[in-house]
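Undergrad: Following this line is query-v8.txt, made up of compact mmCIF, C-alpha atoms:
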# COMPACT_ATOMS: atom_id res chain seq x y z
CA MET A 1 103.80 228.00 4.85
CA ARG A 2 101.67 225.01 3.91
CA PHE A 3 99.59 223.28 6.61
CA THR A 4 100.43 219.60 6.08
CA TYR A 5 99.12 216.47 7.77
CA ALA A 6 102.55 216.15 9.37
CA ALA A 7 102.17 219.62 10.86
CA ALA A 8 98.70 218.77 12.11
CA PHE A 9 100.09 215.64 13.77
CA ILE A 10 102.84 217.64 15.45
CA ILE A 11 100.35 220.21 16.75
CA ALA A 12 98.04 217.51 18.08
CA PHE A 13 100.96 215.72 19.74
CA THR A 14 102.15 218.98 21.28
CA LEU A 15 98.68 219.69 22.67
CA LEU A 16 98.56 216.27 24.27
CA LEU A 17 101.86 216.96 26.00
CA THR A 18 100.81 220.42 27.16
CA PRO A 19 99.14 220.29 30.62
CA GLY A 20 95.61 221.67 30.72
CA CYS A 21 95.34 222.31 27.00
CA SER A 22 93.25 219.39 25.77
CA LYS A 23 93.01 216.70 28.42
CA ARG A 24 89.77 217.05 30.32
CA THR A 25 89.16 215.39 33.65
CA PRO A 26 86.17 213.07 34.24
CA GLU A 27 84.66 215.85 36.34
CA ASP A 28 85.01 218.27 33.42
CA ARG A 29 83.30 215.82 31.09
CA MET A 30 80.49 215.17 33.54
CA ARG A 31 79.99 218.86 34.10
CA LYS A 32 79.74 219.38 30.35
CA ALA A 33 77.27 216.50 29.95
CA VAL A 34 75.02 217.92 32.64
CA GLN A 35 75.23 221.39 31.09
CA LEU A 36 74.20 220.00 27.70
CA ALA A 37 71.31 218.10 29.26
CA GLN A 38 70.12 221.26 31.01
CA GLN A 39 70.23 223.02 27.64
CA ARG A 40 68.06 220.17 26.27
CA ASP A 41 70.85 219.02 23.97
CA THR A 42 70.26 215.40 24.95
CA LEU A 43 72.25 214.01 22.03
CA GLY A 44 75.30 216.03 23.00
CA ALA A 45 74.85 215.06 26.65
CA MET A 46 74.62 211.38 25.73
CA LEU A 47 77.76 211.52 23.59
CA GLU A 48 79.69 213.29 26.33
CA ALA A 49 78.50 210.82 28.99
CA LYS A 50 79.29 207.78 26.85
CA ASP A 51 82.73 209.17 26.04
CA LEU A 52 83.38 209.61 29.76
CA ILE A 53 82.41 205.99 30.45
CA LYS A 54 84.55 204.71 27.59
CA LYS A 55 87.67 206.65 28.60
CA HIS A 56 87.29 206.43 32.38
CA PRO A 57 85.27 203.25 33.09
CA ASP A 58 86.57 202.88 36.66
CA ASP A 59 86.22 206.51 37.68
CA PRO A 60 83.34 207.36 40.07
CA MET A 61 82.14 209.89 37.50
CA ALA A 62 81.36 206.98 35.15
CA LEU A 63 78.51 205.97 37.47
CA GLN A 64 77.23 209.54 37.48
CA ALA A 65 77.33 209.45 33.69
CA ARG A 66 75.30 206.23 33.66
CA MET A 67 72.69 207.82 35.91
CA LEU A 68 72.45 210.74 33.50
CA LEU A 69 72.08 208.36 30.54
CA ALA A 70 69.34 206.49 32.42
CA GLN A 71 67.45 209.72 33.09
CA ILE A 72 67.69 210.81 29.46
CA ALA A 73 66.54 207.38 28.24
CA ALA A 74 63.64 207.38 30.69
CA SER A 75 62.52 210.83 29.54
CA ASP A 76 62.69 209.57 25.94
CA ARG A 77 60.64 206.50 26.97
CA ARG A 78 63.48 204.14 26.10
CA VAL A 79 62.71 202.07 29.15
CA ASP A 80 65.01 199.12 28.47
CA ASP A 81 67.97 201.42 27.79
CA ALA A 82 67.33 203.25 31.06
CA LEU A 83 67.02 199.97 32.97
CA ALA A 84 70.32 198.77 31.51
CA GLU A 85 72.11 201.88 32.77
CA TYR A 86 70.53 201.56 36.21
CA LYS A 87 71.57 197.90 36.33
CA ALA A 88 75.17 198.83 35.57
CA VAL A 89 75.11 201.13 38.59
CA LEU A 90 73.40 198.54 40.82
CA ASP A 91 75.99 195.93 39.83
CA THR A 92 78.74 198.27 41.02
CA VAL A 93 77.49 199.88 44.24
CA SER A 94 75.34 198.74 47.16
CA GLN A 95 72.32 200.29 48.81
CA LYS A 96 74.70 201.96 51.25
CA ASP A 97 75.67 204.29 48.40
CA PRO A 98 73.27 207.12 47.46
CA LEU A 99 73.77 206.30 43.78
CA GLY A 100 72.71 202.72 44.45
CA VAL A 101 69.61 203.93 46.26
CA ALA A 102 68.74 206.28 43.40
CA ALA A 103 69.33 203.57 40.78
CA LEU A 104 67.08 201.08 42.57
CA ARG A 105 64.39 203.69 43.07
CA GLY A 106 64.62 204.63 39.40
CA THR A 107 64.41 201.01 38.32
CA ILE A 108 61.29 200.29 40.34
CA ALA A 109 59.65 203.55 39.30
CA LEU A 110 60.26 202.84 35.61
CA LEU A 111 58.88 199.32 35.87
CA ARG A 112 55.86 200.61 37.80
CA GLN A 113 55.13 203.40 35.33
CA SER A 114 55.55 200.97 32.42
CA LYS A 115 52.96 198.62 33.98
CA ARG A 116 55.62 195.92 34.32
CA THR A 117 54.25 195.03 37.73
CA ASP A 118 55.63 191.49 37.97
CA GLU A 119 59.17 192.68 37.21
CA ALA A 120 58.85 195.50 39.73
CA LEU A 121 57.65 193.16 42.48
CA LYS A 122 60.37 190.63 41.61
CA THR A 123 63.00 193.36 41.94
CA ILE A 124 61.58 194.40 45.31
CA ASP A 125 61.57 190.78 46.51
CA GLU A 126 65.17 190.31 45.40
CA TYR A 127 66.47 193.37 47.21
CA GLN A 128 64.40 192.83 50.34
CA LYS A 129 65.89 189.36 50.60
CA ARG A 130 69.39 190.70 49.96
CA TYR A 131 68.99 193.47 52.55
CA ALA A 132 66.80 191.65 55.08
CA ASP A 133 68.96 192.88 57.94
CA ASP A 134 68.89 196.52 56.82
CA GLU A 135 65.77 198.06 58.32
CA GLY A 136 66.00 201.26 56.29
CA VAL A 137 66.32 199.56 52.90
CA SER A 138 63.60 197.04 53.74
CA LEU A 139 61.22 199.80 54.83
CA SER A 140 61.74 201.86 51.67
CA LEU A 141 61.12 198.76 49.56
CA THR A 142 57.92 198.02 51.45
CA VAL A 143 56.70 201.52 50.60
CA ALA A 144 57.72 200.93 46.97
CA ARG A 145 55.70 197.69 47.00
CA ALA A 146 52.62 199.62 48.08
CA GLU A 147 53.16 202.14 45.27
CA VAL A 148 53.51 199.37 42.69
CA LEU A 149 50.35 197.64 43.90
CA ALA A 150 48.38 200.89 43.91
CA THR A 151 49.49 201.72 40.37
CA ASP A 152 48.40 198.23 39.33
CA GLY A 153 44.93 198.91 40.74
CA LYS A 154 45.37 196.74 43.84
CA THR A 155 44.54 199.64 46.13
CA THR A 156 43.19 197.49 48.96
CA ASP A 157 46.45 195.54 49.18
CA ALA A 158 48.45 198.76 49.01
CA ARG A 159 46.32 200.35 51.71
CA THR A 160 46.77 197.34 54.00
CA ILE A 161 50.55 197.69 53.76
CA LEU A 162 50.44 201.44 54.36
CA LEU A 163 48.07 201.19 57.33
CA GLY A 164 50.46 198.70 58.89
CA LEU A 165 53.37 201.09 58.35
CA ARG A 166 51.35 204.01 59.70
CA ASP A 167 50.85 202.18 62.99
CA THR A 168 54.60 201.62 63.45
CA THR A 169 55.78 205.24 63.41
CA THR A 170 55.42 208.24 65.65
CA GLN A 171 57.53 210.60 63.53
CA PRO A 172 55.24 213.42 62.29
CA GLU A 173 56.75 213.80 58.80
CA ILE A 174 56.73 210.07 58.09
CA LEU A 175 53.21 209.78 59.50
CA ARG A 176 52.01 212.52 57.16
CA PHE A 177 53.67 210.76 54.24
CA TYR A 178 51.91 207.46 54.97
CA ARG A 179 48.65 209.25 55.57
CA SER A 180 48.88 211.00 52.21
CA MET A 181 49.59 207.71 50.43
CA ILE A 182 46.69 205.98 52.17
CA ALA A 183 44.37 208.81 51.19
CA SER A 184 45.51 208.61 47.57
CA THR A 185 44.37 204.97 47.42
CA TYR A 186 40.88 206.03 48.49
CA MET A 187 40.85 208.88 46.00
CA GLN A 188 42.06 206.54 43.25
CA ASP A 189 38.99 204.40 43.93
CA LYS A 190 36.84 207.55 44.18
CA ALA A 191 35.84 206.25 47.61
CA PHE A 192 35.33 209.76 48.94
CA ALA A 193 33.18 208.72 51.90
CA ASP A 194 35.89 206.29 53.01
CA ALA A 195 38.52 208.98 52.60
CA LEU A 196 36.49 211.37 54.74
CA ALA A 197 36.06 208.71 57.42
CA PHE A 198 39.80 208.06 57.38
CA PHE A 199 40.75 211.74 57.64
CA THR A 200 38.16 212.34 60.38
CA ALA A 201 39.51 209.44 62.43
CA GLU A 202 43.06 210.71 61.92
CA LEU A 203 42.00 214.19 63.03
CA GLN A 204 40.57 212.78 66.25
CA ARG A 205 43.83 211.02 67.06
CA ALA A 206 46.10 213.90 66.00
CA ASP A 207 48.05 215.28 68.95
CA ASN A 208 49.65 218.42 67.52
CA ASP A 209 48.46 221.58 65.79
CA ALA A 210 50.44 221.00 62.58
CA ASP A 211 48.79 217.62 62.00
CA LYS A 212 45.37 219.02 62.77
CA ARG A 213 45.82 221.86 60.26
CA THR A 214 47.00 219.49 57.55
CA LEU A 215 44.13 217.06 58.14
CA MET A 216 41.56 219.85 57.98
CA LEU A 217 42.94 220.85 54.60
CA GLN A 218 42.69 217.25 53.41
CA ILE A 219 39.11 216.99 54.63
CA ALA A 220 38.24 220.22 52.82
CA GLY A 221 39.94 218.89 49.69
CA THR A 222 37.91 215.70 49.81
CA HIS A 223 34.67 217.67 50.08
CA ALA A 224 35.81 219.78 47.12
CA ALA A 225 36.48 216.63 45.09
CA MET A 226 32.89 215.63 45.84
CA GLU A 227 31.81 219.14 44.68
CA ASN A 228 30.38 219.73 48.14
CA TYR A 229 31.32 223.41 48.17
CA ASP A 230 29.50 224.52 51.33
CA GLU A 231 31.16 221.89 53.51
CA ALA A 232 34.53 222.40 51.81
CA ARG A 233 34.42 226.14 52.47
CA LYS A 234 33.27 225.64 56.07
CA ILE A 235 36.21 223.34 56.87
CA LEU A 236 38.65 225.45 54.86
CA ASP A 237 37.52 228.56 56.72
CA GLU A 238 38.40 226.94 60.05
CA ALA A 239 41.73 225.68 58.70
CA THR A 240 42.47 229.20 57.39
CA ARG A 241 41.90 230.68 60.84
CA GLN A 242 44.28 228.13 62.31
CA TYR A 243 46.96 228.96 59.75
CA ASP A 244 46.42 232.66 60.38
CA SER A 245 46.99 232.09 64.09
CA ALA A 246 50.06 229.94 63.48
CA ILE A 247 51.61 232.52 61.14
CA ARG A 248 50.97 235.29 63.66
CA ARG A 249 52.62 233.30 66.45
CA GLU A 250 55.61 232.11 64.41
CA LEU A 251 58.77 234.14 64.96
CA ASP A 252 60.91 232.71 62.16
CA ALA A 253 60.40 234.18 58.70
CA GLN A 254 61.21 230.94 56.86
CA GLU A 255 58.69 229.04 58.95
CA ARG A 256 56.05 231.67 58.22
CA LEU A 257 56.82 231.28 54.51
CA ALA A 258 56.55 227.48 54.82
CA LEU A 259 53.14 227.79 56.50
CA ALA A 260 51.93 230.14 53.79
CA SER A 261 53.19 227.76 51.10
CA GLU A 262 51.29 224.84 52.65
CA LEU A 263 48.11 226.86 52.56
CA VAL A 264 48.68 228.10 49.01
CA ASN A 265 49.18 224.54 47.75
CA ALA A 266 45.99 223.42 49.47
CA TYR A 267 44.03 226.42 48.17
CA SER A 268 45.19 225.67 44.63
CA GLY A 269 44.21 222.02 44.82
CA ILE A 270 40.84 222.74 46.37
CA GLY A 271 40.05 225.55 43.93
CA ASN A 272 40.30 228.65 46.09
CA LEU A 273 42.14 230.64 43.41
CA PRO A 274 41.31 234.08 44.89
CA GLY A 275 42.83 232.88 48.16
CA VAL A 276 46.01 231.86 46.36
CA ARG A 277 46.31 235.33 44.84
CA ALA A 278 45.68 237.06 48.17
CA VAL A 279 48.40 235.10 49.98
CA VAL A 280 51.02 235.21 47.21
CA GLU A 281 50.47 238.89 46.48
CA GLY A 282 50.79 239.54 50.21
CA LEU A 283 54.10 237.70 50.30
CA ILE A 284 55.39 239.51 47.22
CA ALA A 285 54.48 242.86 48.74
CA GLN A 286 56.43 241.98 51.90
CA THR A 287 59.68 240.74 50.37
CA ASP A 288 62.76 242.73 49.39
CA ASP A 289 64.34 239.66 47.79
CA ALA A 290 64.06 239.76 43.99
CA ARG A 291 64.76 236.02 43.73
CA LEU A 292 61.91 235.09 46.09
CA ALA A 293 59.61 237.60 44.41
CA ALA A 294 60.40 235.98 41.04
CA GLU A 295 59.65 232.48 42.35
CA LEU A 296 56.34 233.65 43.80
CA ALA A 297 55.42 235.65 40.70
CA ASN A 298 56.21 232.73 38.43
CA GLU A 299 53.76 230.45 40.22
CA LEU A 300 51.11 233.14 40.51
CA THR A 301 51.27 234.17 36.85
CA ARG A 302 50.96 230.52 35.80
CA GLN A 303 47.67 230.34 37.70
CA MET A 304 46.47 233.73 36.47
CA VAL A 305 47.17 232.84 32.85
CA LEU A 306 46.51 229.11 32.57
CA ARG A 307 43.67 228.61 35.08
CA GLU A 308 42.06 232.06 35.13
CA GLY A 309 42.81 233.30 31.62
CA LYS A 310 43.90 236.69 32.98
CA THR A 311 46.97 237.33 30.87
CA SER A 312 46.68 241.14 30.98
CA GLU A 313 46.56 241.12 34.79
CA ALA A 314 49.60 238.84 34.88
CA LEU A 315 51.50 241.24 32.64
CA THR A 316 50.55 244.16 34.88
CA LEU A 317 51.88 242.27 37.90
CA LEU A 318 55.20 241.56 36.15
CA ARG A 319 55.63 245.16 34.97
CA ASP A 320 54.93 246.49 38.46
CA LEU A 321 57.52 244.10 39.86
CA ASP A 322 60.02 245.26 37.25
CA LYS A 323 59.67 248.77 38.64
CA ARG A 324 60.38 247.48 42.17
CA PHE A 325 63.21 245.19 41.09
CA PRO A 326 64.77 246.69 37.94
CA ASN A 327 67.61 244.16 38.06
CA GLY A 328 65.25 241.21 38.39
CA PRO A 329 63.93 238.92 35.64
CA PHE A 330 60.45 240.43 35.50
CA LEU A 331 60.79 242.39 32.26
CA GLN A 332 62.10 239.26 30.56
CA MET A 333 59.21 237.24 32.02
CA ALA A 334 56.70 239.80 30.72
CA THR A 335 58.31 239.84 27.27
CA GLN A 336 58.22 236.05 27.08
CA LEU A 337 54.57 236.03 28.09
CA GLU A 338 53.71 238.64 25.45
CA THR A 339 55.59 236.66 22.78
CA MET A 340 53.74 233.46 23.65
CA SER A 341 50.44 235.31 23.59
CA ALA A 342 51.14 236.94 20.22
CA SER A 343 52.21 233.65 18.63
CA GLY A 344 49.06 231.84 19.77
CA GLU A 345 51.11 229.35 21.77
CA LEU A 346 49.54 230.60 24.99
CA ASP A 347 46.03 230.01 23.71
CA ARG A 348 46.89 226.34 23.19
CA GLN A 349 47.98 226.03 26.81
CA ILE A 350 45.23 228.00 28.53
CA SER A 351 42.50 225.91 30.10
CA VAL A 352 40.35 228.19 32.22
CA ASP A 353 39.09 226.31 35.27
CA THR A 354 35.29 226.46 35.16
CA SER A 355 34.59 223.77 37.74
CA PRO A 356 31.64 224.57 40.05
CA VAL A 357 33.81 224.71 43.19
CA VAL A 358 36.27 227.17 41.60
CA GLN A 359 33.44 229.39 40.39
CA ARG A 360 31.84 229.44 43.85
CA PHE A 361 35.12 230.55 45.43
CA VAL A 362 35.38 233.30 42.81
CA ALA A 363 31.83 234.50 43.47
CA ASP A 364 32.06 234.49 47.28
CA PRO A 365 34.19 236.80 49.48
CA ILE A 366 37.91 236.06 49.43
CA LEU A 367 38.89 233.32 51.86
CA ALA A 368 42.47 233.88 53.05
CA PRO A 369 44.27 234.47 56.37
CA ALA A 370 43.48 237.89 57.79
CA VAL A 371 47.20 238.55 58.17
CA PHE A 372 47.44 238.67 54.35
CA LEU A 373 44.24 240.63 53.81
CA ASP A 374 45.27 243.36 56.26
CA LYS A 375 47.24 245.93 54.25
CA ASN A 376 48.83 247.21 57.48
CA THR A 377 50.61 243.93 58.16
CA THR A 378 54.40 244.29 58.14
CA GLY A 379 57.36 242.06 58.87
CA LEU A 380 55.93 238.84 57.44
CA LEU A 381 59.23 237.89 55.84
CA SER A 382 61.50 239.47 58.43
CA THR A 383 63.04 237.49 61.27
CA ALA A 384 63.91 240.68 63.11
CA LYS A 385 60.49 240.83 64.72
CA PRO A 386 57.14 239.06 64.57
CA PRO A 387 54.63 240.27 62.00
CA VAL A 388 51.93 241.36 64.45
CA PRO A 389 51.73 243.04 67.87
CA GLU A 390 50.30 239.91 69.52
CA ALA A 391 53.42 237.93 68.68
CA GLN A 392 55.64 240.84 69.72
CA GLU A 393 54.06 240.70 73.17
CA MET A 394 55.01 237.03 73.43
CA LEU A 395 58.69 237.97 73.37
CA LYS A 396 58.40 240.09 76.50
CA PRO A 397 59.08 238.47 79.90
CA ALA A 398 56.31 238.08 82.44
CA ALA A 399 55.70 241.17 84.56
CA ALA A 400 56.77 239.39 87.76
CA GLN A 401 60.20 238.63 86.40
CA PRO A 402 62.73 241.47 86.95
CA GLN A 403 64.62 240.60 83.77
CA PRO A 404 65.25 243.03 80.91
CA SER A 405 62.99 242.77 77.92
CA ALA A 406 64.01 240.20 75.34
CA PRO A 407 65.57 241.79 72.25
CA GLU A 408 63.48 241.95 69.13
CA THR A 409 66.02 239.86 67.24
CA THR A 410 65.36 236.80 69.39
CA ALA A 411 64.00 233.97 67.30
CA PRO A 412 64.20 230.20 67.66
Please render this file's structure as structure tokens.

TA:
Amino acid sequence: MRFTYAAAFIIAFTLLLTPGCSKRTPEDRMRKAVQLAQQRDTLGAMLEAKDLIKKHPDDPMALQARMLLAQIAASDRRVDDALAEYKAVLDTVSQKDPLGVAALRGTIALLRQSKRTDEALKTIDEYQKRYADDEGVSLSLTVARAEVLATDGKTTDARTILLGLRDTTTQPEILRFYRSMIASTYMQDKAFADALAFFTAELQRADNDADKRTLMLQIAGTHAAMENYDEARKILDEATRQYDSAIRRELDAQERLALASELVNAYSGIGNLPGVRAVVEGLIAQTDDARLAAELANELTRQMVLREGKTSEALTLLRDLDKRFPNGPFLQMATQLETMSASGELDRQISVDTSPVVQRFVADPILAPAVFLDKNTTGLLSTAKPPVPEAQEMLKPAAAQPQPSAPETTAP
């Protein structure tokens, strides 16, 4: 039987009439576009997204497709193409819609990064005028204005805006955000003495332990940036003791992990690489979760290889983890690392950190919370009970109260 064009037409027509055979929904197309983008097939993702927009221009997924096209264009440095896609979204939805918020944020960020300061400020002015009665939108745009000014080198103007915002909030998370942005303007100017004065004043007015810990880390980081190792270590030592105490008192495993992560990030930025290893290795030793162990190992091996040049030690860590978690990704991670090393690709990426502060931390005794240095510590990542006897005692009622002991599973 010959396969004719007529037969092909009949087959195609039949497929169109058959439910579920060839007609894909906008959601299907969007899902495929995202999958292609994740696989770094940006051309395929773009074609899929554009086809979605063409065939379903009024479907909500069309806006999602435009956001994907904008992100791809931005990553390819096709700024005007990205801005055009964002504009199409902004012309369709308001700032009450999360997509509208994301599109406006993306627009301003692109203009800022492209040094198109006047256009960025004009966009901010336009939307602040349009949403003058919306406190949330206006506030986010004011923050964006400070970011644009700082990027343009107008750090004093940016700092003035941020200091004004800092004085209007009492919410800890927002306060920390403003404080970090203010500090970055000082660091951008390399005005380390001013940054220290700012952090010290903030420490004096801080009214909770979390803020005090964070500020001490920032003060230590500023001293490290000035290569003032002795003062950096002194402040970091005190901050470490405070984190150690907080971790010992905390009853929730996720909160303990969050505290440890804060300290690890600070250690890494300051240059206390041995401290990073002590904390992360302690966490890895405590967890029974292969996924968490993989996340921790991934970050640690990056430091060990790229900043310390200790590829063989990183491989040993991964192989040991493969023995603990045979169904985990550790063997694959080790194989990939070996392949990169053998091909010479790793050598091109390695940049051993030889800064004076890093070398001093390496030479001196390890600075890390005692709870991670003590090999007898247990229960760090378990919510069933606190990690140390002192915290366990806190769960028991006062002796004068004739109530039964609180169960070990109690946790806020």

Undergrad: For Val148 in chain A, find every residue with an atom within 9 Å (counting all atoms listed in the file), except residues of its own chain fewer than 5 positions away, and show them as a list in words.

TA: Ile108, Ala109, Leu111, Arg112, Gln113, Lys115, Thr117, Ala120, Leu121, Val143, Gly153, Lys154 and Ala158 of chain A

Undergrad: Counting only C-alpha atoms, figure out which residue out of A:Asp374, A:Asp353, A:Asp152, A:Glu85 gets nearest to Gln71 in chain A.

TA: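 Of all the options, A:Glu85 lies closest to Gln71 in chain A.
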
Undergrad: Please provide the set of residues having any atom within 9 Å of Leu141 in chain A, restricted to all atoms listed in the file, with same-chain residues fewer than 6 positions apart removed, written as a PDB file with C-alpha atoms, in the coordinates of the input.

TA:
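Now in out.pdb:
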ATOM      1  CA  ARG A 105      64.390 203.690  43.070  1.00  0.00           C
ATOM      2  CA  ILE A 124      61.580 194.400  45.310  1.00  0.00           C
ATOM      3  CA  ASP A 125      61.570 190.780  46.510  1.00  0.00           C
ATOM      4  CA  TYR A 127      66.470 193.370  47.210  1.00  0.00           C
ATOM      5  CA  GLN A 128      64.400 192.830  50.340  1.00  0.00           C
TER       6      GLN A 128
END

Undergrad: Pick out the closest residue to Thr354 in chain A from this set: A:Leu380, A:Val264, A:Leu306, A:Leu99. Count all atoms listed in the file.

TA: A:Leu306

Undergrad: For Gln171 in chain A, which residue out of A:Asp211, A:Leu257, A:Met304, A:Ala342 is the nearest one, using all atoms listed in the file?

TA: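 Using all atoms listed in the file, the shortest distance to Gln171 in chain A belongs to A:Asp211.
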